[in-house]
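Contents: one structure, followed by commentary.
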Amino acid sequence: MSNRGIVRRFHDMPLRFKLILSFLVVIAIGGIVSLFIGTRLEHATIISQAEAKVRHDLASAWMVYHEKSNSIRDIIWLSAHRKFLRAALQSGRYEGVAAELEVTRRQFGLDILTVADGRGRVVVRARRPDVTGDDESGDPFVSRALEGRPTSGTVIVSRAELLKEGPDLAEQAYFKFIPTPKAVERSEDHEENGMMLKSASPVEDENGALLGVIYAGLLFNRNYELVDQVKDIVFKGEKYKGHDIGTATLFQHDLRISTNVLDDKGNRAVGTRVSREVNEAVLGRGASYVGRAFVVTAWYITAYEPIRDIEGRIIGMLYVGMLEKPYIDLRNRVMATFAGLAGLCTLFLLGLLAFVARQITRPLAVMVEAADRIARGDLSHRIGIGGRDEIGQLAQAFNRMTEDLHSARDDLTQWGRTLERRVEERTHQLREAQDQLIQSEKLASLGKMAAGVAHEINNPLTSIMLNTHLLLEETGDGSEAREPLTLVAEEAARCAQIVSGLLNFARQTPATTVRADVNEIIERTVQLHEKQASVRNIRIERDLDRSLPAINLDKNKIQQVFSNLTINACEAMPDGGSLRITSRLSRDGTGIEIVFTDTGVGIPRDNIPKLFDPFFTTKSLGTGLGLAVSYGIVRQRGGTIEVRSEVGRGSTFTVRIPLEETGEEPEREEVSS
Amino acid sequence: MTDSAKKKILVVDDEITVCKSIRKALVCDAYDIDIAVSGEEALRMEEKKKYDVMVVDLMMPGLSGLDLLKSLKTRRPSAQVIMVTGYPTMKNTLQAMHIGAFDFLPKPFLPADIRNLVTRALAALEEDEEGGSGPPG
């Protein structure tokens, strides 16, 4: 998978997993780093401690070594002062001396104990009394002792020399090399020389004159006393799982000549050789070596130091080593404990993490669900998360937002409704205003026309009427011409009535307003028509609000309007009925309403818009100007007339007159009656 | 009845038909009726003949009924003038009455209407003469 793929996959994970994964990575990195550093530190600490110890142990080993060397020196020194030896050297008679010295040699575990005369010629050889007379003055120890200087040190002894001291000794020193993989290649395949701790001392008479030399030696080859002593003293013979913890070895050059390191068969691993690394460091450079080394069968923490002869030449090495295993096991135990603790911590942290992640993600999930519900329109949903942390605050903010959203939506809905209603109202008002404007314009132009028409028609009409009547006057009652003449006269009269109606319509004089009581005008109107109405079986009821204020009106004109409406109502009830006239204050309190409600035949819906048009009439004898004139009068005063009607049920005309005068000035010429 | 005893009446209207019709409605032994079809003509005729009653159309081309009335009343305040019109406006009517018209008759009218009015005008004229009073104010 590509990097981007991993990133995307991580991106798509649920938040909880993301949190856990992130923390897990952090924990893992922290754990690994601390484990790494910890174990390294641990290892370094343990190993360096072990190395320090082994260094110290090597010093202890050296002490044992020097102890040994000193003890030989002391034996030689004491022997040099023995009387029988002086006497023998002074006298040159050596019978019994060898036997005496042989006791000492055995007593102190020495391999050689030999006496030479003042010229360096061997006179007594405790180990081999029969071999004497050889010249040892070339031996560095002997030559120094001959010069009066006691000398001690380690030395390589040749096979010839060993053979002189005893073939068994030469045999003890001899090693056939055991092939060792890491050792440095050598041309030889065996070692025939030996490595010996040697000490020589001059033998002097009472006056200090040199009589001879006595020297002793301890062959290290296959002599395990020293190394075992080191093991016992330094390591106290401790064992670990069947193995000695501490080991010590003496090397002759790179060859193990004395050791308590065992090979895989349980034998002392003499005859094997040291590794190249140690060889080069210690034998090559004369340095001490401290560190891990694979010794024969196991890893040891080791320390090597060179052994030098009295000339300062490196001739061998002293080694101590501690089995590494206990330390490794200790380290491993510590590491295991450490790792176990780390694991436990990780587990605990994981648990904690899961809990924390859940604590964080659960409210988020709740919020996601809430957001979902709100998105679906459920604005009444609230999040029930307490707490004052960021999530609690977020939840609160969220709830507030939802509330605001809710009220905003309500407001918007409310506003929308209000707007709709207001648009409706405005549209209605606009339509009304337009209707009224049209009506007013119609009336205005008609008024002008009516005046002209009236004038033009009245002249011929005058001639017609006058002549017809004159003819009628001349025509006898029995005449056949009388009937058509009467008809002409009547029709002419009707023409005159129409023209007169037109003139009435045009005759909208400027209102002469006075303070008047609307109820009084109604009363007067009713009085005028009451009788005629009752004849036609019509009852006129009054429902008048007596508390109405007086307003400025042209009383005559308004009475003309009321009369018109009353007459119309009566004519709409040919079979009788009732007319109710109501006066009241308009609902908004800015005007007076006079309502004429009849129980007549009603007005077809189609006719209602034409009702106020001049010459619109449904009556055979009407001029069609009554309502047009009424409308004009009311408009002039700033009022309105509204009609509601239902065929068969009756009609309601509502005259609304504002309290304040807002009338429109008539454009028409003033007309008199 | 002699010619001099007859009451002299002048009908003034720019429409000859109307003039004739009115004359016809009024015609009788007691009246001597002339007609004029314009204000100017009426004035000329009035100079020759002192009319008792004059029926004048208010709206005429040229010299209008109102101007004619003014001239007549200036010359002879006792003259009784009845104003007729097919288009009676408040302003003109009031003006005419103010200047001294006897009365006002809107067109169209019946023979009886004009006869009655003329009769009343003549009666008023007689009263004035008997009372020796001046022209009505």
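The way I read the labels, and the way they are meant: chains A, B, ... in the order of the structure tokens, residue 1 as the first residue of every chain, and ligand 1 as the first ligand shown, with later ones counted on from there.
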Exercise for the section: Would you mind writing down, as a PyMOL selection string, each residue of region 434-627 of chain A that DSSP on the backbone assigns to alpha helix (DSSP H)? Expected result: chain A and resi 434-474+482-506+518-535+555-571+626-627
Exercise for the section: Write out as a PyMOL selection string every residue belonging to chain A that has an atom at most 10 Å from any atom of chain B, counting only C-alpha atoms. Expected result: chain A and resi 450-471+473+489+492-493+495-497+499-500+503+507+509+669-673
If you keep C-alpha atoms, can you produce a file of those selected residues as a PDB file, in the first residue's frame?
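out-v6.pdb written:
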ATOM      1  CA  ALA A 450     -73.358  64.580 -19.438  1.00  0.00           C
ATOM      2  CA  ALA A 451     -73.388  68.374 -19.244  1.00  0.00           C
ATOM      3  CA  GLY A 452     -72.757  68.725 -22.970  1.00  0.00           C
ATOM      4  CA  VAL A 453     -75.265  66.054 -23.920  1.00  0.00           C
ATOM      5  CA  ALA A 454     -77.876  67.525 -21.652  1.00  0.00           C
ATOM      6  CA  HIS A 455     -77.467  70.899 -23.208  1.00  0.00           C
ATOM      7  CA  GLU A 456     -77.605  69.649 -26.780  1.00  0.00           C
ATOM      8  CA  ILE A 457     -80.506  67.272 -26.264  1.00  0.00           C
ATOM      9  CA  ASN A 458     -82.615  69.588 -24.204  1.00  0.00           C
ATOM     10  CA  ASN A 459     -83.139  72.002 -27.096  1.00  0.00           C
ATOM     11  CA  PRO A 460     -84.690  69.488 -29.523  1.00  0.00           C
ATOM     12  CA  LEU A 461     -86.414  67.836 -26.617  1.00  0.00           C
ATOM     13  CA  THR A 462     -88.005  71.140 -25.722  1.00  0.00           C
ATOM     14  CA  SER A 463     -89.367  71.441 -29.242  1.00  0.00           C
ATOM     15  CA  ILE A 464     -90.639  67.873 -29.233  1.00  0.00           C
ATOM     16  CA  MET A 465     -92.349  68.174 -25.885  1.00  0.00           C
ATOM     17  CA  LEU A 466     -93.883  71.550 -26.556  1.00  0.00           C
ATOM     18  CA  ASN A 467     -95.190  70.571 -29.962  1.00  0.00           C
ATOM     19  CA  THR A 468     -96.481  67.210 -28.902  1.00  0.00           C
ATOM     20  CA  HIS A 469     -98.393  68.713 -26.038  1.00  0.00           C
ATOM     21  CA  LEU A 470     -99.707  71.495 -28.257  1.00  0.00           C
ATOM     22  CA  LEU A 471    -100.905  68.858 -30.706  1.00  0.00           C
ATOM     23  CA  GLU A 473    -104.246  70.048 -26.736  1.00  0.00           C
ATOM     24  CA  ALA A 489     -95.191  62.830 -25.162  1.00  0.00           C
ATOM     25  CA  ALA A 492     -90.163  62.550 -24.678  1.00  0.00           C
ATOM     26  CA  ALA A 493     -90.792  62.822 -20.950  1.00  0.00           C
ATOM     27  CA  CYS A 495     -85.925  61.316 -22.478  1.00  0.00           C
ATOM     28  CA  ALA A 496     -86.204  64.396 -20.340  1.00  0.00           C
ATOM     29  CA  GLN A 497     -85.909  62.216 -17.240  1.00  0.00           C
ATOM     30  CA  VAL A 499     -81.207  63.937 -19.338  1.00  0.00           C
ATOM     31  CA  SER A 500     -82.279  65.227 -15.971  1.00  0.00           C
ATOM     32  CA  LEU A 503     -77.602  66.507 -15.080  1.00  0.00           C
ATOM     33  CA  ARG A 507     -74.431  68.361 -10.678  1.00  0.00           C
ATOM     34  CA  THR A 509     -71.450  70.926  -6.556  1.00  0.00           C
ATOM     35  CA  GLU A 669     -68.124  72.656 -13.400  1.00  0.00           C
ATOM     36  CA  GLU A 670     -70.457  73.850 -10.767  1.00  0.00           C
ATOM     37  CA  VAL A 671     -74.021  72.975 -11.547  1.00  0.00           C
ATOM     38  CA  SER A 672     -77.182  74.300 -10.016  1.00  0.00           C
ATOM     39  CA  SER A 673     -80.646  72.864  -9.854  1.00  0.00           C
TER      40      SER A 673
END
Practice task
Apply DSSP to the backbone of this structure and, from chain B, keep only the residues in strand (DSSP E); write these as a PyMOL selection string.
Solution key: chain B and resi 7-12+31-36+53-57+80-85+103-106
Practice task
Identify, on the basis of only C-alpha atoms, every residue whose closest approach to region 349-351 of chain A does not exceed 12 Å; exclude the query and any residue fewer than 3 positions from it along the same chain; express the result as a PyMOL selection string.
Solution key: chain A and resi 17+19-28+31+341-346+354-358
Practice task
Tell me which protein, DNA and RNA residues are within 9 Å of Ile33 (chain B), counting only C-alpha atoms, leaving out same-chain ones fewer than 2 positions away, and put them as JSON, numbers by chain.
Solution key: {"B": [7, 8, 9, 10, 11, 23, 26, 27, 28, 31, 35]}
Would you export the selected residues with N, CA and C atoms as a short mmCIF file (atom, residue, chain, number, x, y, z; two decimals), in the first residue's frame, please?
data_model
loop_
_atom_site.label_atom_id
_atom_site.label_comp_id
_atom_site.auth_asym_id
_atom_site.auth_seq_id
_atom_site.Cartn_x
_atom_site.Cartn_y
_atom_site.Cartn_z
N LYS B 7 -100.37 91.94 -24.75
CA LYS B 7 -99.06 91.92 -24.06
C LYS B 7 -98.01 91.52 -25.08
N LYS B 8 -96.90 92.26 -25.05
CA LYS B 8 -95.87 92.01 -26.05
C LYS B 8 -94.81 91.07 -25.46
N ILE B 9 -94.64 89.98 -26.19
CA ILE B 9 -93.71 88.95 -25.71
C ILE B 9 -92.65 88.68 -26.79
N LEU B 10 -91.37 88.58 -26.32
CA LEU B 10 -90.28 88.25 -27.27
C LEU B 10 -89.62 86.94 -26.81
N VAL B 11 -89.52 86.02 -27.76
CA VAL B 11 -88.84 84.74 -27.45
C VAL B 11 -87.47 84.77 -28.15
N ARG B 23 -93.33 79.96 -29.10
CA ARG B 23 -94.37 80.90 -29.56
C ARG B 23 -95.71 80.19 -29.71
N LEU B 26 -97.36 79.60 -26.52
CA LEU B 26 -97.90 80.79 -25.85
C LEU B 26 -99.00 81.50 -26.66
N VAL B 27 -99.02 81.16 -27.93
CA VAL B 27 -99.86 81.97 -28.81
C VAL B 27 -101.34 82.00 -28.37
N CYS B 28 -101.83 83.20 -28.29
CA CYS B 28 -103.24 83.40 -27.95
C CYS B 28 -103.60 84.86 -28.27
N TYR B 31 -101.71 87.77 -26.41
CA TYR B 31 -100.27 87.98 -26.55
C TYR B 31 -99.89 88.35 -27.97
N ILE B 35 -90.24 86.65 -32.33
CA ILE B 35 -89.10 85.79 -32.00
C ILE B 35 -87.82 86.39 -32.54
#
Practice task
Quick one: everything within 9 Å of Ser645 (chain A), counting only C-alpha atoms, minus sequence neighbours fewer than 6 positions away in the same chain. Send it as a list of chain:residue names.
Solution key: A:Gly602, A:Ile603, A:Pro604, A:Arg605, A:Ile608, A:Ser651, A:Thr652, A:Phe653
Handout entry: Å distance separating CA of Val118 (chain B) from CA of Glu46 (chain B), one decimal place
Key = 17.7 Å
Practice task
Write out as a ChimeraX atom specification which residues come within 10 Å of Leu72 (chain B) when counting only C-alpha atoms, dropping same-chain ones fewer than 2 positions away.
Solution key: /B:42-43,46-47,54,66-70,74-81,100
Export of prior selection with N, CA and C atoms as a compact mmCIF listing (two decimals), in the first residue's frame:
# COMPACT_ATOMS: atom_id res chain seq x y z
N ALA B 42 -82.40 90.46 -30.88
CA ALA B 42 -83.34 90.76 -29.80
C ALA B 42 -83.22 92.23 -29.36
N LEU B 43 -81.97 92.71 -29.24
CA LEU B 43 -81.75 94.09 -28.82
C LEU B 43 -82.32 95.08 -29.84
N GLU B 46 -86.00 95.10 -29.59
CA GLU B 46 -86.45 95.71 -28.33
C GLU B 46 -86.45 97.24 -28.44
N GLU B 47 -85.52 97.70 -29.27
CA GLU B 47 -85.48 99.16 -29.45
C GLU B 47 -86.78 99.66 -30.10
N MET B 54 -89.94 88.83 -21.81
CA MET B 54 -89.01 88.23 -22.76
C MET B 54 -88.54 86.86 -22.22
N LEU B 66 -77.10 86.07 -20.85
CA LEU B 66 -76.79 86.84 -19.67
C LEU B 66 -76.49 88.32 -20.05
N ASP B 67 -75.68 88.46 -21.12
CA ASP B 67 -75.36 89.83 -21.58
C ASP B 67 -76.62 90.55 -22.04
N LEU B 68 -77.44 89.80 -22.75
CA LEU B 68 -78.71 90.37 -23.22
C LEU B 68 -79.56 90.84 -22.05
N LEU B 69 -79.61 89.96 -21.05
CA LEU B 69 -80.38 90.31 -19.85
C LEU B 69 -79.87 91.61 -19.24
N LYS B 70 -78.53 91.69 -19.16
CA LYS B 70 -77.92 92.89 -18.59
C LYS B 70 -78.34 94.15 -19.37
N THR B 74 -80.70 97.15 -18.10
CA THR B 74 -80.12 98.48 -18.01
C THR B 74 -81.03 99.50 -18.70
N ARG B 75 -81.48 99.13 -19.89
CA ARG B 75 -82.31 100.05 -20.65
C ARG B 75 -83.69 100.21 -20.02
N ARG B 76 -84.21 99.10 -19.66
CA ARG B 76 -85.62 99.13 -19.19
C ARG B 76 -85.79 98.15 -18.04
N PRO B 77 -85.56 98.65 -16.92
CA PRO B 77 -85.58 97.75 -15.76
C PRO B 77 -86.93 97.06 -15.53
N SER B 78 -87.98 97.64 -16.05
CA SER B 78 -89.30 97.03 -15.80
C SER B 78 -89.52 95.77 -16.61
N ALA B 79 -88.67 95.54 -17.63
CA ALA B 79 -88.86 94.36 -18.49
C ALA B 79 -88.73 93.08 -17.67
N GLN B 80 -89.74 92.19 -17.91
CA GLN B 80 -89.69 90.90 -17.19
C GLN B 80 -89.02 89.88 -18.09
N VAL B 81 -87.92 89.28 -17.57
CA VAL B 81 -87.14 88.33 -18.39
C VAL B 81 -87.17 86.94 -17.72
N GLY B 100 -81.53 90.40 -12.37
CA GLY B 100 -82.93 90.82 -12.34
C GLY B 100 -83.88 89.99 -13.18
